[in-house]
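Chemist: Handing you this structure, nothing more for now.
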Amino acid sequence: MQIKVANRLQGTEEYYFSKKLREIDEMNQQGTRVINLGIGSPDLPPHPDVVKVLNEQASLPNTHAYQGYKGIPALRKAIAGWYERYYQVTLNPDTEVLPLIGSKEGIMHICMTYLQQGDEALIPNPGYPTYRSAVHLSGATVVDYDLHAANGWLPDLDALAKKDLSRVKLMWVNYPHMPTGAKVNKAFAKDLIAFAKQHNILICHDNPYSFILNDQPESLLQVEGAKEVVLELNSLSKSSNMAGWRIGMLCGKAEWIAEVLRFKSNMDSGMFQPLQMAAVKALELGKDWYDQLNNIYKGRREKVFQLLDLLGCNYDKNQVGMFVWAKIPDTNADGYTLSDAVLHKARVFITPGGIFGSNGNGYIRVSLCQDEKVFQEAIDRIQSSINQ
């Protein structure tokens, strides 16, 4: 028997990393140990106190039932406190905060809440591939906007304003930007808010990297008037080393939170309460936690710079986040070619920039989620492959 997949899946391919990890797994099974520098899954553990709270709460007899779709009050209050303390943004925990089972689900929730056939959404090129997939699955049309190094990987709002934006409902933005590590400046943030108001576009800001190698975490919600046009996603995956725990959040004005909740409440049955209590603890951690984490990432980033120098790549040392984005030498056709060459010659996997959009074709991206010793081994392997 054959069942035809829905039209919404036509053109939606399996996630690149899903396919590549199978190839790497096959190489490993054949005895070729591959060093994976591709995926941004933190290798470091959460704070011990966070794990302690999870264990304590999970051992209680009354914490295993279904939970409310809005999350427990303690978690919403902790998220609001975190935003106040680190971003200087005031949120009402009862109406302007929605805990999520990972921020990735929030991308889909937003698209399914607001988009349908005939609508359009602006997507960064390069950018996180899930934005494109979620818009496509909603039935809406993807409209790329270009990001280039010459403009600091910021969108050209003047050029966008000259396009027909009459059907555009959402614009996905992501700063610190993944994959390029670019930061947004306050002047641009104000211009972006003004642009959104002028064209009646909801800005969806994906903000999971603001604590990584960044001295001053920033939120678009800091900008005056931003709540009128911005929904912001955030996550504990990167900042608290809790990627597998799937704890995220959506912040914005009450009207939009309530609308997204209408969709979300039909998709899940709430988050495990011990996870929520552990998240409360993670959100209460002081600046010393983030400083300790970033000192580790600084050492790793220096190793990545050495690796990229071996490959003849150019990169901006001021980029932030959990990756290093680098322009490949002109002698290589594109990032895919260089990535495959390094994988098969040195048994080191580096992400080709083209998976993030056509404007990433001349780039590669290296994750910081490995120990310095692993990076040194990768450097040695690449050096050896060059010498052969």
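Lettering and numbering for the structure tokens are positional, with chains as A, B, ... in the shown order, residues counted from 1 in each chain, and ligands counted from 1 in the shown order.
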With only C-alpha atoms as the counted atoms, please give the residues lying no more than 10 Å from A:Val184, apart from itself and same-chain residues fewer than 2 positions off, as a PyMOL selection string.

Modeler: chain A and resi 152-154+174-177+181-182+186-189+218-220

Chemist: Residues within 7 Å of A:Ser367, please, as a PyMOL selection string. Count only C-alpha atoms; anything in the same chain fewer than 6 positions from it doesn't count.

Modeler: chain A and resi 37-40+322-324

Chemist: Could the residues in this selection be saved with N, CA, C and O atoms as a PDB file, in the first residue's frame?

Modeler:
ATOM      1  N   LEU A  37      32.625  18.822  14.090  1.00  0.00           N
ATOM      2  CA  LEU A  37      32.664  20.233  14.486  1.00  0.00           C
ATOM      3  C   LEU A  37      31.516  20.985  13.832  1.00  0.00           C
ATOM      4  O   LEU A  37      31.601  22.182  13.571  1.00  0.00           O
ATOM      5  N   GLY A  38      30.421  20.264  13.573  1.00  0.00           N
ATOM      6  CA  GLY A  38      29.341  20.853  12.801  1.00  0.00           C
ATOM      7  C   GLY A  38      28.186  21.389  13.608  1.00  0.00           C
ATOM      8  O   GLY A  38      27.701  22.489  13.365  1.00  0.00           O
ATOM      9  N   ILE A  39      27.718  20.646  14.593  1.00  0.00           N
ATOM     10  CA  ILE A  39      26.449  20.973  15.242  1.00  0.00           C
ATOM     11  C   ILE A  39      26.677  21.701  16.561  1.00  0.00           C
ATOM     12  O   ILE A  39      27.566  21.356  17.327  1.00  0.00           O
ATOM     13  N   GLY A  40      25.830  22.685  16.824  1.00  0.00           N
ATOM     14  CA  GLY A  40      25.951  23.488  18.042  1.00  0.00           C
ATOM     15  C   GLY A  40      25.192  22.900  19.209  1.00  0.00           C
ATOM     16  O   GLY A  40      24.282  23.526  19.764  1.00  0.00           O
ATOM     17  N   MET A 322      27.977  30.692  19.290  1.00  0.00           N
ATOM     18  CA  MET A 322      28.532  29.370  19.529  1.00  0.00           C
ATOM     19  C   MET A 322      29.283  28.794  18.334  1.00  0.00           C
ATOM     20  O   MET A 322      29.684  27.638  18.327  1.00  0.00           O
ATOM     21  N   PHE A 323      29.506  29.609  17.304  1.00  0.00           N
ATOM     22  CA  PHE A 323      30.153  29.150  16.081  1.00  0.00           C
ATOM     23  C   PHE A 323      31.158  30.193  15.604  1.00  0.00           C
ATOM     24  O   PHE A 323      31.135  31.329  16.052  1.00  0.00           O
ATOM     25  N   VAL A 324      32.013  29.767  14.679  1.00  0.00           N
ATOM     26  CA  VAL A 324      32.863  30.711  13.954  1.00  0.00           C
ATOM     27  C   VAL A 324      32.544  30.564  12.472  1.00  0.00           C
ATOM     28  O   VAL A 324      32.586  29.458  11.919  1.00  0.00           O
TER      29      VAL A 324
END

Chemist: I need the residue nearest A:Val97 from this list: A:Val223, A:Ala346, A:Leu231, A:Ile382. Use only C-alpha atoms for the distance.

Modeler: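 Nearest to A:Val97: A:Leu231.
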
Chemist: Have a look at atom CA of A:Gln29 and atom CA of A:Arg347 and let me know their distance in Å, one decimal.

Modeler: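 A separation of 13.2 Å between them.
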
Chemist: So that I can check the secondary structure, give me every residue of stretch 185-342 of chain A assigned alpha helix (DSSP H) by backbone DSSP, as JSON, numbers by chain.

Modeler: {"A": [186, 187, 188, 189, 190, 191, 192, 193, 194, 195, 196, 197, 198, 199, 254, 255, 256, 257, 258, 259, 260, 261, 262, 263, 264, 273, 274, 275, 276, 277, 278, 279, 280, 281, 282, 283, 287, 288, 289, 290, 291, 292, 293, 294, 295, 296, 297, 298, 299, 300, 301, 302, 303, 304, 305, 306, 307, 308, 309, 310, 335, 336, 337, 338, 339, 340, 341, 342]}

Chemist: Within 12 Å of A:Ala194, counting only C-alpha atoms, which residues qualify if same-chain residues fewer than 5 places away don't, as an MDAnalysis selection string?

Modeler: chainID A and resid 157:158 161 187:189 199:203 223:230

Chemist: Keeping C-alpha atoms, export the residues of the selection given above as a PDB file, in the first residue's frame.

Modeler:
ATOM      1  CA  LEU A 157      15.869  47.989   5.061  1.00  0.00           C
ATOM      2  CA  ASP A 158      15.838  50.688   2.386  1.00  0.00           C
ATOM      3  CA  ALA A 161      11.055  49.020   1.589  1.00  0.00           C
ATOM      4  CA  ALA A 187      20.675  52.245  15.684  1.00  0.00           C
ATOM      5  CA  PHE A 188      19.705  49.398  13.388  1.00  0.00           C
ATOM      6  CA  ALA A 189      17.363  47.929  16.006  1.00  0.00           C
ATOM      7  CA  HIS A 199       4.824  48.200   6.843  1.00  0.00           C
ATOM      8  CA  ASN A 200       2.621  46.428   9.412  1.00  0.00           C
ATOM      9  CA  ILE A 201       5.019  43.487   9.738  1.00  0.00           C
ATOM     10  CA  LEU A 202       5.458  41.333  12.841  1.00  0.00           C
ATOM     11  CA  ILE A 203       9.159  40.962  13.680  1.00  0.00           C
ATOM     12  CA  VAL A 223      13.903  49.201  21.998  1.00  0.00           C
ATOM     13  CA  GLU A 224      11.170  51.706  22.807  1.00  0.00           C
ATOM     14  CA  GLY A 225       7.918  50.644  21.196  1.00  0.00           C
ATOM     15  CA  ALA A 226       9.230  47.195  20.282  1.00  0.00           C
ATOM     16  CA  LYS A 227       6.411  45.325  22.011  1.00  0.00           C
ATOM     17  CA  GLU A 228       4.036  46.669  19.386  1.00  0.00           C
ATOM     18  CA  VAL A 229       5.819  44.816  16.584  1.00  0.00           C
ATOM     19  CA  VAL A 230       8.146  42.169  18.112  1.00  0.00           C
TER      20      VAL A 230
END

Chemist: Compare A:Glu56, A:Ser133, A:Lys281, A:Met178 by their minimum atom-to-atom distance to A:Gly81, counting only C-alpha atoms, and give me the closest one.

Modeler: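 With only C-alpha atoms as the atom set, the closest residue is A:Lys281.
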
Chemist: Quick one: pick out all strand (DSSP E or B) residues within stretch 37-282 of chain A from a backbone DSSP run and write them as a PyMOL selection string.

Modeler: chain A and resi 97-100+120-125+141-146+168-173+202-206+230-235+248-251

Chemist: So how far away is atom CA of A:Phe272 from atom CA of A:Asp43, in Å?

Modeler: 23.1 Å

Chemist: Pick out the closest residue to A:Leu91 from this set: A:Leu115, A:Met108, A:Ala254, A:Met171. Count only C-alpha atoms.

Modeler: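 Of A:Leu115, A:Met108, A:Ala254, A:Met171, the one nearest A:Leu91, counting only C-alpha atoms, is A:Ala254.
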